Each structure stands twice: as C-alpha cells, then as structure tokens.
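Engineer: Next comes upload08.cif, mmCIF, C-alpha atoms:
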```
data_protein
#
loop_
_atom_site.label_atom_id
_atom_site.label_comp_id
_atom_site.auth_asym_id
_atom_site.auth_seq_id
_atom_site.Cartn_x
_atom_site.Cartn_y
_atom_site.Cartn_z
CA MET O 251 -6.08 -4.32 -52.92
CA LYS O 252 -4.79 -6.34 -55.83
CA THR O 253 -1.39 -5.47 -57.18
CA MET O 254 -1.23 -4.54 -60.81
CA THR O 255 0.74 -7.66 -61.68
CA GLU O 256 -2.36 -9.66 -60.75
CA PHE O 257 -4.56 -7.74 -63.17
CA LYS O 258 -6.07 -9.57 -66.11
CA PRO O 259 -7.66 -7.92 -69.16
CA GLY O 260 -11.11 -6.71 -68.15
CA GLU O 261 -9.95 -5.69 -64.66
CA THR O 262 -11.62 -2.38 -63.82
CA LEU O 263 -10.73 0.53 -61.54
CA LYS O 264 -13.59 2.87 -60.77
CA VAL O 265 -14.49 5.80 -58.53
CA THR O 266 -17.44 8.20 -58.45
CA LEU O 267 -16.70 11.81 -57.50
CA ALA O 268 -18.77 14.21 -55.41
CA PRO O 269 -20.85 16.62 -57.54
CA VAL O 270 -18.62 19.20 -59.24
CA SER O 271 -18.52 22.39 -57.16
CA ARG O 272 -17.37 25.89 -57.94
CA LEU O 273 -14.75 25.57 -55.22
CA ASP O 274 -13.28 22.51 -56.99
CA LEU O 275 -12.73 24.64 -60.09
CA ILE O 276 -11.46 27.68 -58.18
CA LYS O 277 -8.91 25.42 -56.47
CA TYR O 278 -7.85 23.93 -59.81
CA ALA O 279 -7.55 27.38 -61.38
CA GLY O 280 -5.31 28.50 -58.54
CA ALA O 281 -3.22 25.32 -58.45
CA SER O 282 -2.77 25.02 -62.22
CA GLY O 283 -2.57 28.70 -63.10
CA ASP O 284 -5.36 28.32 -65.67
CA PHE O 285 -7.50 31.36 -64.91
CA ASN O 286 -9.68 31.27 -68.01
CA PRO O 287 -12.83 32.79 -66.45
CA ILE O 288 -15.25 30.43 -68.22
CA HIS O 289 -14.28 27.93 -65.52
CA THR O 290 -15.07 30.12 -62.53
CA ILE O 291 -17.21 33.18 -63.35
CA ASP O 292 -20.83 32.76 -64.52
CA GLU O 293 -21.01 35.99 -66.53
CA GLU O 294 -17.86 35.12 -68.49
CA ALA O 295 -19.17 31.64 -69.27
CA LYS O 296 -22.45 33.16 -70.53
CA LYS O 297 -20.58 35.71 -72.62
CA ALA O 298 -18.79 32.75 -74.23
CA GLY O 299 -22.17 31.24 -75.12
CA LEU O 300 -22.17 28.59 -72.41
CA PRO O 301 -25.14 27.87 -70.11
CA GLY O 302 -22.83 28.14 -67.10
CA ILE O 303 -19.26 27.61 -65.99
CA ILE O 304 -17.57 24.43 -67.19
CA ALA O 305 -14.85 22.37 -65.55
CA HIS O 306 -11.34 22.63 -66.92
CA GLY O 307 -10.81 19.61 -69.17
CA MET O 308 -7.49 19.19 -67.39
CA TRP O 309 -9.27 19.05 -64.03
CA THR O 310 -11.20 16.02 -65.23
CA MET O 311 -8.07 14.49 -66.76
CA GLY O 312 -6.21 15.09 -63.51
CA ASN O 313 -8.95 13.41 -61.50
CA LEU O 314 -9.08 10.46 -63.88
CA GLY O 315 -5.34 9.93 -63.47
CA LYS O 316 -5.72 9.29 -59.76
CA LEU O 317 -7.09 5.82 -60.43
CA PHE O 318 -3.44 4.88 -60.98
CA THR O 319 -1.94 6.70 -57.98
CA PRO O 320 -2.01 3.68 -55.62
CA PHE O 321 0.23 1.82 -58.11
CA LEU O 322 2.87 4.50 -58.63
CA GLU O 323 5.57 2.65 -56.73
CA LYS O 324 5.18 -0.49 -58.83
CA GLY O 325 5.42 1.41 -62.06
CA PHE O 326 4.63 4.71 -63.70
CA ILE O 327 2.38 6.24 -66.31
CA LYS O 328 4.35 6.05 -69.56
CA GLU O 329 1.62 7.61 -71.67
CA TYR O 330 -1.69 9.20 -70.75
CA LYS O 331 -3.82 10.32 -73.66
CA VAL O 332 -7.37 11.68 -73.69
CA ARG O 333 -9.90 13.32 -75.94
CA PHE O 334 -12.27 15.89 -74.44
CA ALA O 335 -15.65 14.76 -75.73
CA GLY O 336 -18.11 16.77 -73.67
CA MET O 337 -18.47 19.61 -71.21
CA VAL O 338 -18.71 19.17 -67.44
CA PHE O 339 -20.98 21.58 -65.57
CA LEU O 340 -21.52 22.38 -61.89
CA ASP O 341 -23.27 19.57 -59.98
CA ASP O 342 -22.43 16.96 -62.60
CA VAL O 343 -21.50 13.66 -60.99
CA LEU O 344 -18.60 12.00 -62.75
CA THR O 345 -17.64 8.38 -62.59
CA LEU O 346 -14.03 7.65 -63.50
CA LYS O 347 -13.19 4.30 -65.01
CA ALA O 348 -10.13 2.44 -66.20
CA GLU O 349 -10.31 -0.99 -67.78
CA LEU O 350 -7.27 -3.09 -68.58
CA ALA O 351 -7.39 -3.79 -72.31
CA GLU O 352 -4.19 -5.76 -72.78
CA THR O 353 -0.82 -6.53 -71.31
CA SER O 354 2.53 -7.05 -72.96
CA GLY O 355 5.39 -7.97 -70.66
CA ASN O 356 5.80 -5.08 -68.23
CA ASP O 357 3.36 -2.89 -70.11
CA LEU O 358 -0.32 -2.57 -69.24
CA PHE O 359 -2.71 -0.77 -71.57
CA PHE O 360 -5.90 0.64 -70.07
CA ASN O 361 -8.89 2.34 -71.63
CA VAL O 362 -9.97 5.23 -69.41
CA LYS O 363 -13.01 7.46 -69.32
CA ALA O 364 -15.00 9.94 -67.27
CA VAL O 365 -18.75 9.45 -67.57
CA LYS O 366 -21.70 11.58 -66.41
CA GLU O 367 -24.70 10.17 -64.52
CA LYS O 368 -26.69 9.58 -67.69
CA GLY O 369 -23.83 7.81 -69.41
CA GLN O 370 -22.39 10.68 -71.45
CA GLU O 371 -18.65 10.20 -71.89
CA VAL O 372 -16.90 13.52 -71.32
CA VAL O 373 -13.29 12.35 -71.35
CA LYS O 374 -12.08 9.26 -73.15
CA GLY O 375 -8.62 7.90 -73.67
CA SER O 376 -5.90 5.49 -72.68
CA VAL O 377 -3.18 4.93 -70.12
CA HIS O 378 -0.02 2.98 -70.78
CA PHE O 379 1.30 1.89 -67.40
CA ARG O 380 4.81 0.44 -67.23
CA LEU O 381 5.79 -1.81 -64.33
CA TYR O 382 9.35 -1.52 -63.04
CA ASP O 383 9.94 -5.18 -62.31
CA ALA O 384 9.53 -8.07 -64.67
CA VAL O 385 6.18 -9.79 -64.32
CA MET G 177 -1.08 33.07 -91.63
CA SER G 178 -1.05 30.44 -88.96
CA LYS G 179 0.82 27.95 -91.17
CA GLU G 180 3.82 30.12 -90.43
CA TRP G 181 3.49 29.15 -86.79
CA ILE G 182 4.61 25.60 -87.54
CA GLY G 183 8.03 24.91 -86.06
CA LYS G 184 8.08 28.02 -83.89
CA THR G 185 9.95 27.21 -80.69
CA SER G 186 9.97 29.11 -77.43
CA ASN G 187 12.84 29.94 -75.13
CA LYS G 188 13.62 27.35 -72.43
CA VAL G 189 12.47 28.17 -68.92
CA LYS G 190 13.82 26.65 -65.71
CA ASN G 191 10.99 25.41 -63.47
CA THR G 192 11.12 23.68 -60.11
CA VAL G 193 8.82 20.86 -59.03
CA ASP G 194 7.83 22.82 -55.96
CA ARG G 195 6.66 20.87 -52.91
CA LEU G 196 3.88 23.30 -52.02
CA LEU G 197 2.65 23.54 -55.62
CA VAL G 198 2.55 19.74 -55.85
CA LYS G 199 0.47 19.62 -52.68
CA ARG G 200 -1.93 22.31 -53.91
CA PHE G 201 -2.22 20.61 -57.27
CA ALA G 202 -2.79 17.15 -55.75
CA GLU G 203 -5.46 18.62 -53.49
CA SER G 204 -7.18 20.35 -56.40
CA ILE G 205 -7.65 17.04 -58.19
CA GLY G 206 -8.62 15.21 -55.01
CA ASP G 207 -5.45 13.14 -54.97
CA LEU G 208 -3.62 13.87 -51.69
CA HIS G 209 -1.80 10.53 -51.72
CA PRO G 210 1.30 10.37 -49.46
CA ILE G 211 3.49 9.49 -52.46
CA PHE G 212 2.90 13.11 -53.57
CA VAL G 213 2.71 14.99 -50.28
CA ASP G 214 4.19 13.10 -47.30
CA GLU G 215 7.92 13.77 -47.13
CA THR G 216 8.75 10.74 -44.95
CA TYR G 217 6.66 8.46 -47.16
CA GLY G 218 8.51 9.83 -50.18
CA GLU G 219 11.92 9.16 -48.59
CA LYS G 220 10.98 5.55 -47.90
CA SER G 221 9.47 5.05 -51.36
CA LYS G 222 11.12 3.58 -54.43
CA TYR G 223 11.92 7.12 -55.58
CA GLY G 224 13.60 8.28 -52.35
CA VAL G 225 11.53 11.46 -52.62
CA ASN G 226 7.95 12.48 -53.37
CA ILE G 227 6.78 12.53 -56.98
CA ALA G 228 4.29 14.75 -58.83
CA PRO G 229 0.92 13.68 -60.32
CA PRO G 230 1.09 12.91 -64.08
CA THR G 231 -0.84 16.02 -65.12
CA PHE G 232 1.21 18.31 -62.84
CA PRO G 233 3.25 19.79 -65.76
CA ARG G 234 0.18 21.98 -66.36
CA VAL G 235 1.66 24.39 -63.83
CA PHE G 236 5.03 24.92 -65.56
CA ASP G 237 6.11 27.95 -67.55
CA TYR G 238 6.96 26.88 -71.12
CA GLY G 239 8.38 30.14 -72.40
CA VAL G 240 7.15 32.62 -74.97
CA LEU G 241 6.44 31.84 -78.62
CA GLU G 242 7.47 34.97 -80.49
CA GLY G 243 5.00 35.85 -83.23
CA VAL G 244 2.38 33.29 -82.27
CA ASP G 245 -0.78 35.16 -81.38
CA LEU G 246 -2.94 32.44 -79.81
CA PRO G 247 -6.08 33.97 -78.29
CA MET G 248 -6.77 33.51 -74.59
CA LYS G 249 -10.49 33.02 -75.08
CA GLY G 250 -12.62 30.81 -77.29
CA LEU G 251 -10.13 28.00 -77.76
CA ILE G 252 -11.42 24.48 -77.47
CA HIS G 253 -9.14 21.95 -75.88
CA GLY G 254 -9.60 18.85 -78.03
CA GLU G 255 -6.99 16.31 -76.99
CA GLU G 256 -4.20 15.98 -74.49
CA THR G 257 -1.31 13.53 -74.25
CA TYR G 258 1.49 13.15 -71.73
CA GLN G 259 4.43 10.87 -72.41
CA TYR G 260 6.90 10.16 -69.64
CA GLU G 261 10.35 8.64 -69.40
CA ARG G 262 9.98 8.60 -65.60
CA PRO G 263 7.88 10.40 -62.95
CA LEU G 264 8.71 13.98 -61.98
CA LEU G 265 10.50 14.20 -58.64
CA VAL G 266 9.60 16.83 -56.07
CA GLY G 267 12.40 19.38 -55.77
CA GLU G 268 14.01 18.77 -59.15
CA GLU G 269 14.58 21.41 -61.78
CA VAL G 270 12.88 20.97 -65.14
CA TYR G 271 13.70 22.95 -68.26
CA CYS G 272 10.55 23.54 -70.29
CA TYR G 273 9.80 24.83 -73.77
CA THR G 274 7.06 24.85 -76.40
CA ILE G 275 7.02 24.01 -80.10
CA ILE G 276 4.13 24.54 -82.50
CA GLN G 277 4.13 21.12 -84.09
CA ASP G 278 1.35 21.56 -86.64
CA TYR G 279 -1.45 23.80 -87.84
CA TYR G 280 -4.20 22.81 -90.24
CA GLU G 281 -7.76 23.79 -91.12
CA ARG G 282 -10.93 21.78 -91.56
CA LYS G 283 -14.48 22.64 -92.48
CA GLY G 284 -16.78 22.07 -89.52
CA LYS G 285 -20.50 22.41 -88.80
CA SER G 286 -20.00 25.91 -87.44
CA GLY G 287 -17.57 27.14 -90.12
CA ASP G 288 -13.88 26.69 -90.76
CA MET G 289 -11.86 25.58 -87.80
CA GLY G 290 -8.15 25.82 -87.18
CA PHE G 291 -6.33 23.02 -85.40
CA VAL G 292 -3.11 23.75 -83.56
CA VAL G 293 -0.88 20.96 -82.27
CA ILE G 294 1.26 22.29 -79.44
CA LYS G 295 4.16 20.25 -78.09
CA ARG G 296 5.60 21.04 -74.68
CA VAL G 297 8.74 19.40 -73.40
CA GLY G 298 10.34 19.08 -69.96
CA GLU G 299 14.03 18.18 -69.75
CA ASP G 300 16.49 17.63 -66.94
CA ALA G 301 19.61 19.79 -66.50
CA LYS G 302 21.54 17.53 -68.90
CA GLY G 303 18.95 17.90 -71.64
CA ASN G 304 17.38 14.45 -71.22
CA ILE G 305 13.66 14.50 -71.91
CA ILE G 306 11.54 13.70 -68.83
CA PHE G 307 8.12 14.29 -70.38
CA THR G 308 6.46 15.47 -73.56
CA GLU G 309 2.99 16.95 -73.74
CA ILE G 310 0.99 17.10 -76.95
CA GLN G 311 -2.02 19.38 -76.87
CA ASN G 312 -4.56 19.66 -79.69
CA VAL G 313 -6.40 22.94 -79.62
CA ILE G 314 -9.27 23.98 -81.88
CA ILE G 315 -9.72 27.60 -82.94
CA THR G 316 -13.30 28.24 -84.02
CA GLU G 317 -14.12 30.51 -86.96
CA ALA G 318 -15.40 33.35 -84.74
CA VAL G 319 -12.12 33.40 -82.86
CA ARG G 320 -10.04 33.08 -86.03
CA LYS G 321 -11.68 36.20 -87.47
CA GLY G 322 -10.76 38.05 -84.29
CA ILE G 323 -7.06 37.22 -84.71
CA ASN G 324 -6.99 37.42 -88.53
CA VAL G 325 -5.50 34.02 -89.29
#
```
Let me see the structure of the file written as structure tokens.

Structural biologist:
Amino acid sequence: MKTMTEFKPGETLKVTLAPVSRLDLIKYAGASGDFNPIHTIDEEAKKAGLPGIIAHGMWTMGNLGKLFTPFLEKGFIKEYKVRFAGMVFLDDVLTLKAELAETSGNDLFFNVKAVKEKGQEVVKGSVHFRLYDAV
Amino acid sequence: MSKEWIGKTSNKVKNTVDRLLVKRFAESIGDLHPIFVDETYGEKSKYGVNIAPPTFPRVFDYGVLEGVDLPMKGLIHGEETYQYERPLLVGEEVYCYTIIQDYYERKGKSGDMGFVVIKRVGEDAKGNIIFTEIQNVIITEAVRKGINV
C-alpha cells in the first residue's frame, strides 16, 4: 500500500460494503447509544412516514471514515465534515470513496462520499488529514 | 421560542474512552483495525496506546441542556463535522458539554423548518480542547408544532 506522502491529487481510496443489514444497524444502535427506533424497528419507521428502516447517518459517516484508518499512525483526521444527502435503506450497497483534492505542506484535503449502486450520493463531504512529519 | 435556545450550555460530564466501547463501536462500523482494538499494537504504535475512531465521540454523554426541549423523533440530521486537535486515546478521560450555537428558520417545500446548530466539545482534564463536533439538525414543521416553537 502506498503511504499518504506518496499521494498526488486525484489519488482515490475506495471500498464497497456488503448490503446494509438490520444487524449492522442494531449493532450501531447498541454501540453508539442512538436507539431512535426508525433505524431498527419497521413499524416505527412506517409511523414516521418512511418506507422502511433507514441507516443512522452516523453509521454511514463512521464507515466512510475507515478509508483513513490504515494511515492513522502517519497522521490524524483534523477535520471530517459531511452532509447527509439521502437515506440508506436495508440491502442498499454503498461504495465509499475518498479522492485527494489538494495538498498543502503536511495537510491533505480529500473529498469523500458514500454512493449507492445507482450512483445516488447519500453522504458527501471532506476530510482534512494532517501528517505528523514534514513531507 | 427556540431563538432563546441560542447560547444555552450544558453541564460538563466526565466520560472515559472505554476500551470495550471502542471495540464495540469499531466493530459496528466494520473497522476492527488493531490501532483501535489490539492492546499490544497500540503500545508499539506512535501513540503508545490504542486510539478511538474519529466518529467515536457519538457515544459520549454531553450533559443536559436545561430548558431546551428538542424532540426525540422527527429530527433530520443535516450535517456533521468533527474537528480534532489530536486523536482520542483509549483509557483517557474526556470532559464533554453541549452548546446551542444557533437557531434559525427557513421556508421549505414542506413548510417552515427550524435549523438548530449544536456544538459539542470534548476537553482533557486541564481544559484543553481535544475535539469539537458541530451538528446541524433540521426540525420539520410537523415536529415544531408538536413542541410549540
């Protein structure tokens, strides 16, 4: 694997997740403490006017952040910012992407997004990654 | 009126970056990397200890905002930002609190919407900021009627 110091603008990190399962969301509810039932219980999601349960936005954001995990000893995430642009339902297949937009000294600026199979962007934002050692 | 929420600040709550919670959280986002969960790996790492994933602060208790009656249901999470001075270390104590940074209203397709900007902060024992979270939450008209704002 390339180290981040070798990255040039346009460099892309990408992973496709297994289809979203109810157990994924139950685990996230338990781990995060976010027990809003629209994420786990069908009847509650329907009562809220949704066609079915939806993933926690923060579950998707959390998953997206893992693109940077292999680099966390070379630097850290200084800022991670996203907009929640669409809902994620059971069985959706998400592809997570980060693309290096620009670098400035020790600072790398990535555009990040989570995209559904048909191209719908459900989470969109940016990551500012700061390297510890001078490039 | 919700405008009165602006500037409201919670009490500070002491939280611990708990090893087991970090493991559960990392597992729940499919990110069981040894930097988060393997104690020996953590000791040999740059940090000398395991660290927590960047969205881990979701699990912390940020205190109670007196007089702010945010509904539990019907809120739409619009945007989320984390800013860090350094990663969170497993085992450390973090002092967390909440501030309502802003509230404003806009006309939307489905009626008037309220926008709340919630800031959550985590500090070390000396009061140095470790991370700041900014959360933008949308309150739809139906929900606003329910809470009379």

Engineer: Name the residues that the PyMOL selection byres ((chain G) within 10 of (chain O)) picks from the file above, as JSON, numbers by chain, using the file's chain letters and numbers.

Structural biologist: {"G": [196, 197, 198, 199, 200, 201, 202, 203, 204, 205, 206, 207, 208, 209, 210, 211, 212, 221, 222, 223, 227, 229, 230, 231, 232, 233, 234, 235, 236, 237, 248, 249, 250, 252, 253, 254, 255, 256, 257, 258, 259, 260, 261, 262, 263, 307, 308, 309, 310, 311, 312]}

Engineer: Report as a list of chain:residue names the residues that result from applying the PyMOL selection byres ((chain G and resi 187) around 7) to the structure here.

Structural biologist: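 With the PyMOL selection byres ((chain G and resi 187) around 7) on this model, the match is G:Thr185, G:Ser186, G:Lys188, G:Val189, G:Gly239, G:Val240, G:Tyr273.
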
Engineer: List as a list in words the protein and nucleic acid residues near Leu350 of chain O, meaning an atom at most 6 Å away when only C-alpha atoms are counted, but skip any in the same chain fewer than 6 places from it.

Structural biologist: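 Selected residues are Pro259, Gly260, Glu261, Phe359 and Phe360 of chain O.
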
Engineer: Write the residues of the selection above to a file with C-alpha atoms, as a tab-separated table (two decimals), in the frame of the given file.

Structural biologist:
```
chain	number	residue	atom	x	y	z
O	259	PRO	CA	-7.66	-7.92	-69.16
O	260	GLY	CA	-11.11	-6.71	-68.15
O	261	GLU	CA	-9.95	-5.69	-64.66
O	359	PHE	CA	-2.71	-0.77	-71.57
O	360	PHE	CA	-5.90	0.64	-70.07
```

Engineer: Could you tell me how far atom CA of Ile315 of chain G lies from atom CA of Lys363 of chain O, in Å and to one decimal?

Structural biologist: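 Separating atom CA of Ile315 of chain G from atom CA of Lys363 of chain O is a distance of 24.5 Å.
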
Engineer: To one decimal place, how far is atom CA of Thr274 of chain G from atom CA of Asn226 of chain G in Å?

Structural biologist: 26.2 Å

Engineer: How would segment 282-316 of chain O look written as a PDB file, in the first residue's frame with N, CA and C atoms?

Structural biologist:
```pdb
ATOM      1  N   SER O 282     -23.418   2.915  19.716  1.00  0.00           N
ATOM      2  CA  SER O 282     -23.419   4.385  19.760  1.00  0.00           C
ATOM      3  C   SER O 282     -24.364   4.927  20.821  1.00  0.00           C
ATOM      4  N   GLY O 283     -25.355   4.121  21.199  1.00  0.00           N
ATOM      5  CA  GLY O 283     -26.374   4.600  22.127  1.00  0.00           C
ATOM      6  C   GLY O 283     -27.494   5.346  21.436  1.00  0.00           C
ATOM      7  N   ASP O 284     -27.506   5.352  20.103  1.00  0.00           N
ATOM      8  CA  ASP O 284     -28.588   6.008  19.360  1.00  0.00           C
ATOM      9  C   ASP O 284     -29.688   4.987  19.080  1.00  0.00           C
ATOM     10  N   PHE O 285     -30.700   4.986  19.944  1.00  0.00           N
ATOM     11  CA  PHE O 285     -31.766   3.992  19.843  1.00  0.00           C
ATOM     12  C   PHE O 285     -33.018   4.530  19.178  1.00  0.00           C
ATOM     13  N   ASN O 286     -32.891   5.590  18.386  1.00  0.00           N
ATOM     14  CA  ASN O 286     -34.051   6.061  17.633  1.00  0.00           C
ATOM     15  C   ASN O 286     -34.598   4.871  16.832  1.00  0.00           C
ATOM     16  N   PRO O 287     -35.869   4.482  17.078  1.00  0.00           N
ATOM     17  CA  PRO O 287     -36.365   3.224  16.513  1.00  0.00           C
ATOM     18  C   PRO O 287     -36.561   3.228  14.999  1.00  0.00           C
ATOM     19  N   ILE O 288     -36.488   4.396  14.356  1.00  0.00           N
ATOM     20  CA  ILE O 288     -36.612   4.390  12.890  1.00  0.00           C
ATOM     21  C   ILE O 288     -35.421   3.682  12.231  1.00  0.00           C
ATOM     22  N   HIS O 289     -34.389   3.398  13.022  1.00  0.00           N
ATOM     23  CA  HIS O 289     -33.216   2.722  12.466  1.00  0.00           C
ATOM     24  C   HIS O 289     -33.255   1.209  12.659  1.00  0.00           C
ATOM     25  N   THR O 290     -34.206   0.745  13.463  1.00  0.00           N
ATOM     26  CA  THR O 290     -34.187  -0.693  13.778  1.00  0.00           C
ATOM     27  C   THR O 290     -35.547  -1.384  13.712  1.00  0.00           C
ATOM     28  N   ILE O 291     -36.638  -0.624  13.893  1.00  0.00           N
ATOM     29  CA  ILE O 291     -37.959  -1.266  14.005  1.00  0.00           C
ATOM     30  C   ILE O 291     -38.869  -0.796  12.865  1.00  0.00           C
ATOM     31  N   ASP O 292     -39.311  -1.750  12.036  1.00  0.00           N
ATOM     32  CA  ASP O 292     -40.096  -1.423  10.829  1.00  0.00           C
ATOM     33  C   ASP O 292     -41.320  -0.556  11.131  1.00  0.00           C
ATOM     34  N   GLU O 293     -42.093  -0.947  12.146  1.00  0.00           N
ATOM     35  CA  GLU O 293     -43.339  -0.232  12.440  1.00  0.00           C
ATOM     36  C   GLU O 293     -43.065   1.235  12.773  1.00  0.00           C
ATOM     37  N   GLU O 294     -41.993   1.480  13.507  1.00  0.00           N
ATOM     38  CA  GLU O 294     -41.659   2.851  13.902  1.00  0.00           C
ATOM     39  C   GLU O 294     -41.223   3.672  12.684  1.00  0.00           C
ATOM     40  N   ALA O 295     -40.500   3.029  11.772  1.00  0.00           N
ATOM     41  CA  ALA O 295     -40.079   3.725  10.554  1.00  0.00           C
ATOM     42  C   ALA O 295     -41.315   4.086   9.735  1.00  0.00           C
ATOM     43  N   LYS O 296     -42.272   3.164   9.650  1.00  0.00           N
ATOM     44  CA  LYS O 296     -43.500   3.415   8.870  1.00  0.00           C
ATOM     45  C   LYS O 296     -44.330   4.509   9.509  1.00  0.00           C
ATOM     46  N   LYS O 297     -44.392   4.492  10.839  1.00  0.00           N
ATOM     47  CA  LYS O 297     -45.122   5.548  11.556  1.00  0.00           C
ATOM     48  C   LYS O 297     -44.516   6.917  11.264  1.00  0.00           C
ATOM     49  N   ALA O 298     -43.206   6.933  11.016  1.00  0.00           N
ATOM     50  CA  ALA O 298     -42.520   8.196  10.723  1.00  0.00           C
ATOM     51  C   ALA O 298     -42.610   8.550   9.239  1.00  0.00           C
ATOM     52  N   GLY O 299     -43.394   7.751   8.489  1.00  0.00           N
ATOM     53  CA  GLY O 299     -43.593   8.065   7.078  1.00  0.00           C
ATOM     54  C   GLY O 299     -42.518   7.541   6.149  1.00  0.00           C
ATOM     55  N   LEU O 300     -41.708   6.628   6.658  1.00  0.00           N
ATOM     56  CA  LEU O 300     -40.630   6.065   5.826  1.00  0.00           C
ATOM     57  C   LEU O 300     -41.067   4.710   5.271  1.00  0.00           C
ATOM     58  N   PRO O 301     -40.544   4.327   4.108  1.00  0.00           N
ATOM     59  CA  PRO O 301     -40.907   3.022   3.534  1.00  0.00           C
ATOM     60  C   PRO O 301     -40.335   1.851   4.328  1.00  0.00           C
ATOM     61  N   GLY O 302     -39.320   2.115   5.128  1.00  0.00           N
ATOM     62  CA  GLY O 302     -38.712   1.049   5.936  1.00  0.00           C
ATOM     63  C   GLY O 302     -37.646   1.677   6.798  1.00  0.00           C
ATOM     64  N   ILE O 303     -36.951   0.845   7.580  1.00  0.00           N
ATOM     65  CA  ILE O 303     -35.924   1.418   8.455  1.00  0.00           C
ATOM     66  C   ILE O 303     -34.786   2.014   7.616  1.00  0.00           C
ATOM     67  N   ILE O 304     -34.179   3.053   8.164  1.00  0.00           N
ATOM     68  CA  ILE O 304     -33.053   3.699   7.480  1.00  0.00           C
ATOM     69  C   ILE O 304     -31.811   3.623   8.370  1.00  0.00           C
ATOM     70  N   ALA O 305     -30.667   3.582   7.710  1.00  0.00           N
ATOM     71  CA  ALA O 305     -29.401   3.552   8.463  1.00  0.00           C
ATOM     72  C   ALA O 305     -29.213   4.872   9.197  1.00  0.00           C
ATOM     73  N   HIS O 306     -28.562   4.816  10.347  1.00  0.00           N
ATOM     74  CA  HIS O 306     -28.142   6.032  11.028  1.00  0.00           C
ATOM     75  C   HIS O 306     -27.186   6.762  10.074  1.00  0.00           C
ATOM     76  N   GLY O 307     -27.381   8.054   9.903  1.00  0.00           N
ATOM     77  CA  GLY O 307     -26.419   8.822   9.103  1.00  0.00           C
ATOM     78  C   GLY O 307     -25.008   8.646   9.642  1.00  0.00           C
ATOM     79  N   MET O 308     -24.912   8.590  10.976  1.00  0.00           N
ATOM     80  CA  MET O 308     -23.609   8.474  11.614  1.00  0.00           C
ATOM     81  C   MET O 308     -22.968   7.099  11.399  1.00  0.00           C
ATOM     82  N   TRP O 309     -23.811   6.103  11.102  1.00  0.00           N
ATOM     83  CA  TRP O 309     -23.260   4.782  10.760  1.00  0.00           C
ATOM     84  C   TRP O 309     -22.514   4.889   9.436  1.00  0.00           C
ATOM     85  N   THR O 310     -23.153   5.567   8.481  1.00  0.00           N
ATOM     86  CA  THR O 310     -22.519   5.729   7.171  1.00  0.00           C
ATOM     87  C   THR O 310     -21.264   6.593   7.297  1.00  0.00           C
ATOM     88  N   MET O 311     -21.368   7.676   8.071  1.00  0.00           N
ATOM     89  CA  MET O 311     -20.197   8.537   8.271  1.00  0.00           C
ATOM     90  C   MET O 311     -19.058   7.758   8.939  1.00  0.00           C
ATOM     91  N   GLY O 312     -19.419   6.941   9.903  1.00  0.00           N
ATOM     92  CA  GLY O 312     -18.415   6.125  10.591  1.00  0.00           C
ATOM     93  C   GLY O 312     -17.727   5.168   9.638  1.00  0.00           C
ATOM     94  N   ASN O 313     -18.532   4.509   8.799  1.00  0.00           N
ATOM     95  CA  ASN O 313     -17.957   3.604   7.803  1.00  0.00           C
ATOM     96  C   ASN O 313     -17.027   4.332   6.841  1.00  0.00           C
ATOM     97  N   LEU O 314     -17.478   5.494   6.382  1.00  0.00           N
ATOM     98  CA  LEU O 314     -16.697   6.265   5.411  1.00  0.00           C
ATOM     99  C   LEU O 314     -15.327   6.653   5.994  1.00  0.00           C
ATOM    100  N   GLY O 315     -15.321   6.924   7.282  1.00  0.00           N
ATOM    101  CA  GLY O 315     -14.077   7.335   7.937  1.00  0.00           C
ATOM    102  C   GLY O 315     -13.009   6.255   7.921  1.00  0.00           C
ATOM    103  N   LYS O 316     -13.439   4.999   7.758  1.00  0.00           N
ATOM    104  CA  LYS O 316     -12.448   3.923   7.863  1.00  0.00           C
ATOM    105  C   LYS O 316     -11.501   3.868   6.674  1.00  0.00           C
TER     106      LYS O 316
END
```
